[in-house]
Amino acid sequence: MRKICVVGTGYVGLVTGACLSDLGHKVICVDVDKSKIAMLRKNVMPIYEPGLAEIVKKNIKSGRLSFSTNLGESVKSSETIFIAVGTPPRDDGSADLSFVETVASQIAANMNSYKLIVDKSTVPVETGEWVEMTIKRNIKKNVEFDVASNPEFLREGSAVYDTFNPDRIVIGVKSKRAENLLKEIYAPIKAPVLVTDIKSAEIIKHASNSYLAMKISYINAVANLCEKTGADVAKVAEGMGMDKRIGRSFLNAGIGFGGFCFPKDLEAFYWISKKMGFDFKLLKEVKEINEYQRKLLVKKIEEAVWNLKGKTIGVLGLAFKPDTDDMRFAPSVDIIAMLQEHGARIQAYDPAAMKKAKMILKGVTFKKNAYDAAKGADCLVIVTEWNEFKELDLSKVRRLLKHPIIIDGRNIFEPQVMKKLDITYKSMGR
């Protein structure tokens with residue numbers, strides 16, 4: 001059992017801390033937000049993530065997991081400190097690393113013995129060097145320490161599963177001591193461990209997310225060509241995915257990617273490249289295609305109902321993806337804003353993100369279920385591919401709609417089924 005401190009209780013920090021405690025380590029999760037820590041101590045989750053509440057409850061009870069607002073005492077009682085604070089994007093696309101710097105300074109001021117400081121947050125290359133320099137500038141005692149990079153590859157909605165079943169564990173280190181300690185922490189997880197230098201580990205995260213974003217934009221560009229030629233992008237994606245060099249994952253055409261990671265990491269990777277003297281133009285095109293898909297969906301809605309002004313549009317799905325309540329960079333935000341600019345009225349429903357959506361989306365009527373969102377609407381729009389939407393009684397939906405029109409931004413229904421139900425159906429790339 002190792003003594004671990006995780007700084008930050010957002011999506012990454014909270015899942016990391018809870019899962020590490022479930023592996024048998026003694027973990028303190030620290031956050032400056034007193035109300036959030038109070039909630040967590042009562043096992044009230046600030047985020048929606050399947051399986052997380054159960055793990056937190058189990059490990060609080062076992063005494064392996066605790067929550068605190070006192071970073072100083074938590075650092076002193078821990079050997080390994082994971083930095084998992086926010087790195088929000090600036091206007092120019094670069095990452096704001098001020099939270100990382102602040103935490104590194106506070107860690108330095110409270111180190112009383114050897115510490116391993118691990119960057120868990122997604123940070124640009126060379127951040128490890130800055131963390132090390134910050135600690136050296138602020139350290140008060142002559143104690144040894146190491147800095148490491150251990151990027152996360154968690155998917156919101158399956159983050160707990162991904163923690164215990166990763167494709168790989170990447171650790172960027174400068175010393176054998178840091179390498180061995182991180183290997184010991186992750187020893188219960190049966191997955192390949194890739195040991196690199198710190199800079200390579202930092203780039204692996206940005207390169208991975210940017211590549212996946214590129215794959216999504218690529219299939220969306222292919223979908224637009226399919227639509228113009230009469231081909232079916234679902235069949236095209238299936239054929240492409242059967243090639244082991246390509247693979248089927250991330251080849252689902254639709255309205256593009258959202259969430260905090262892909263848009264932020266794509267922007268940051270492009271900014272890093274330009275800073276280093278290389279104009280990574282491909283990344284810029286990936287972003288533009290992604291933004292175009294949202295406009296394309298609105299265009300499809302307008303073509304289906306004619307004039308948007310005064311029309312009621314039912315929207316199913318507000319979170320950026322299923323099985324999460326995360327509204328950050330969610331496509332729904334841009335799509336609803338565009339519809340409202342054209343004078344449309346919006347009635348919407350999401351299984352998990354309603355509370356957060358109400359703080360972001362103004363002028364929207366929120367409904368208690370999918371059928372209520374469809375009732376009286378001039379058309380129904382699928383924005384997030386929740387499983388419960390795939391299981392809707394479409395005959396009932398047809399009766400509830402003012403006009404039998406469904407615009408499917410996630411291709412969750414089959415065109416042949418819609419045709420039999422006499423529903424006007426428009427999807428992406430089919």
# chains A, B, ... in the order shown; residues from 1 in each chain; ligands from 1

$ select_by_dssp --residues "range 127-299 of chain A" --states "alpha helix (DSSP H)" --output "PyMOL selection string"
chain A and resi 127-138+159-164+176-185+198-229+233-241+261-275+281-299

$ select_by_dssp --residues "range 116-158 of chain A" --states "strand (DSSP E)" --output "number ranges by chain"
A: 116-119, 145-149

$ write_last_selection --atoms "C-alpha atoms" --output "short mmCIF file (atom, residue, chain, number, x, y, z; two decimals), in the first residue's frame"
data_model
loop_
_atom_site.label_atom_id
_atom_site.label_comp_id
_atom_site.auth_asym_id
_atom_site.auth_seq_id
_atom_site.Cartn_x
_atom_site.Cartn_y
_atom_site.Cartn_z
CA LEU A 116 7.15 11.95 -6.39
CA ILE A 117 5.12 14.69 -8.09
CA VAL A 118 3.13 13.35 -11.04
CA ASP A 119 1.43 15.42 -13.72
CA PHE A 145 11.96 14.70 -5.18
CA ASP A 146 11.12 13.48 -8.67
CA VAL A 147 8.71 14.82 -11.26
CA ALA A 148 6.91 12.45 -13.63
CA SER A 149 4.23 12.48 -16.31
#

$ residues_around --residues "Asp393 in chain A" --least-positions-apart "4" --cutoff "12 Å" --atoms "only C-alpha atoms" --output "number ranges by chain"
A: 370-371, 374, 388-389, 397-400, 413, 417-418, 421

$ write_last_selection --atoms "N, CA and C atoms" --output "CSV table (one decimal), in the first residue's frame"
chain,number,residue,atom,x,y,z
A,370,ALA,N,-38.1,12.0,-23.0
A,370,ALA,CA,-38.0,12.1,-24.4
A,370,ALA,C,-39.3,12.4,-25.1
A,371,TYR,N,-40.4,11.7,-24.6
A,371,TYR,CA,-41.7,11.8,-25.2
A,371,TYR,C,-42.2,13.2,-25.1
A,374,ALA,N,-40.7,15.5,-27.5
A,374,ALA,CA,-41.3,15.3,-28.9
A,374,ALA,C,-42.7,15.9,-29.0
A,388,GLU,N,-31.3,5.1,-24.3
A,388,GLU,CA,-32.7,5.1,-24.1
A,388,GLU,C,-33.4,5.8,-25.3
A,389,PHE,N,-32.7,6.6,-26.0
A,389,PHE,CA,-33.3,7.1,-27.3
A,389,PHE,C,-33.4,6.1,-28.4
A,397,VAL,N,-43.7,8.3,-30.8
A,397,VAL,CA,-43.0,9.5,-31.1
A,397,VAL,C,-43.7,10.2,-32.3
A,398,ARG,N,-44.0,9.4,-33.3
A,398,ARG,CA,-44.7,9.9,-34.5
A,398,ARG,C,-46.0,10.6,-34.2
A,399,ARG,N,-46.8,10.0,-33.3
A,399,ARG,CA,-48.1,10.5,-32.9
A,399,ARG,C,-47.9,11.8,-32.1
A,400,LEU,N,-46.9,11.9,-31.3
A,400,LEU,CA,-46.7,13.1,-30.5
A,400,LEU,C,-46.2,14.3,-31.2
A,413,PHE,N,-30.9,5.5,-35.8
A,413,PHE,CA,-32.0,4.8,-36.3
A,413,PHE,C,-31.7,4.4,-37.8
A,417,VAL,N,-36.5,1.6,-41.4
A,417,VAL,CA,-37.5,1.6,-40.4
A,417,VAL,C,-38.3,2.9,-40.4
A,418,MET,N,-37.7,4.0,-40.5
A,418,MET,CA,-38.3,5.3,-40.6
A,418,MET,C,-39.3,5.4,-41.8
A,421,LEU,N,-42.4,3.6,-41.1
A,421,LEU,CA,-43.3,4.3,-40.2
A,421,LEU,C,-43.8,5.6,-40.7

$ residues_around --residues "Asp408 in chain A" --least-positions-apart "3" --cutoff "6 Å" --atoms "only C-alpha atoms" --output "ChimeraX atom specification"
/A:381-382,411,427

$ write_last_selection --atoms "C-alpha atoms" --output "PDB file, in the first residue's frame"
ATOM      1  CA  VAL A 381     -33.510  16.247 -33.339  1.00  0.00           C
ATOM      2  CA  ILE A 382     -31.131  13.593 -31.974  1.00  0.00           C
ATOM      3  CA  ASN A 411     -27.390   7.914 -36.976  1.00  0.00           C
ATOM      4  CA  SER A 427     -29.387  11.469 -40.909  1.00  0.00           C
TER       5      SER A 427
END

$ closest_atom_pairs --of "range 42-101 of chain A" --to "range 133-138 of chain A" --cutoff "12 Å" --atoms "only C-alpha atoms" --output "tab-separated table"
residue	atom	partner	partner_atom	distance
A:Ser98	CA	A:Thr134	CA	11.5
A:Val100	CA	A:Thr134	CA	9.9
A:Glu101	CA	A:Thr134	CA	7.0

$ write_last_selection --atoms "C-alpha atoms" --output "CSV table (one decimal), in the first residue's frame"
chain,number,residue,atom,x,y,z
A,98,SER,CA,-1.6,28.7,-13.6
A,100,VAL,CA,-0.6,23.6,-12.0
A,101,GLU,CA,2.0,26.2,-11.0

$ closest_atom_pairs --of "range 33-88 of chain A" --to "range 174-189 of chain A" --cutoff "12 Å" --atoms "only C-alpha atoms" --output "JSON lines"
{"residue": "A:Glu79", "atom": "CA", "partner": "A:Leu181", "partner_atom": "CA", "distance": 9.6}
{"residue": "A:Thr80", "atom": "CA", "partner": "A:Leu181", "partner_atom": "CA", "distance": 8.5}
{"residue": "A:Ile81", "atom": "CA", "partner": "A:Leu182", "partner_atom": "CA", "distance": 11.1}
{"residue": "A:Phe82", "atom": "CA", "partner": "A:Leu182", "partner_atom": "CA", "distance": 10.9}

$ write_last_selection --atoms "N, CA and C atoms" --output "short mmCIF file (atom, residue, chain, number, x, y, z; two decimals), in the first residue's frame"
data_model
loop_
_atom_site.label_atom_id
_atom_site.label_comp_id
_atom_site.auth_asym_id
_atom_site.auth_seq_id
_atom_site.Cartn_x
_atom_site.Cartn_y
_atom_site.Cartn_z
N GLU A 79 3.47 10.12 -0.11
CA GLU A 79 4.74 9.95 -0.81
C GLU A 79 4.63 10.37 -2.28
N THR A 80 3.49 10.06 -2.89
CA THR A 80 3.25 10.39 -4.29
C THR A 80 2.10 11.38 -4.39
N ILE A 81 2.32 12.46 -5.13
CA ILE A 81 1.28 13.48 -5.30
C ILE A 81 0.94 13.60 -6.77
N PHE A 82 -0.30 13.28 -7.11
CA PHE A 82 -0.79 13.44 -8.48
C PHE A 82 -1.42 14.82 -8.63
#

$ closest_residue --among "A:Phe67, A:Tyr425, A:Phe257, A:Tyr161" --to "Ala330 in chain A" --atoms "only C-alpha atoms"
A:Phe257

$ residues_around --residues "range 349-357 of chain A" --least-positions-apart "6" --cutoff "9 Å" --atoms "only C-alpha atoms" --output "number ranges by chain"
A: 48, 314-319, 322-327, 333, 365-370, 372-373, 384, 386, 388

$ atom_distance --atom1 "CA of Thr69 in chain A" --atom2 "CA of Glu144 in chain A"
25.0 Å

$ residues_around --residues "range 191-196 of chain A" --least-positions-apart "3" --cutoff "8 Å" --atoms "only C-alpha atoms" --output "list in words"
Asn165, Pro166, Asp167, Arg168, Ile169, Val170, Ile171, Gly172, Val173, Glu179, Lys183, Ser200 and Ala201 of chain A

$ closest_residue --among "A:Ala95, A:Ile139, A:Leu266, A:Ile255" --to "Asn290 in chain A" --atoms "only C-alpha atoms"
A:Ile255

$ residues_around --residues "Leu296 in chain A" --least-positions-apart "2" --cutoff "10 Å" --atoms "only C-alpha atoms" --output "VMD selection string"
chain A and resid 224 254 to 255 291 to 294 298 to 302 335 409 428
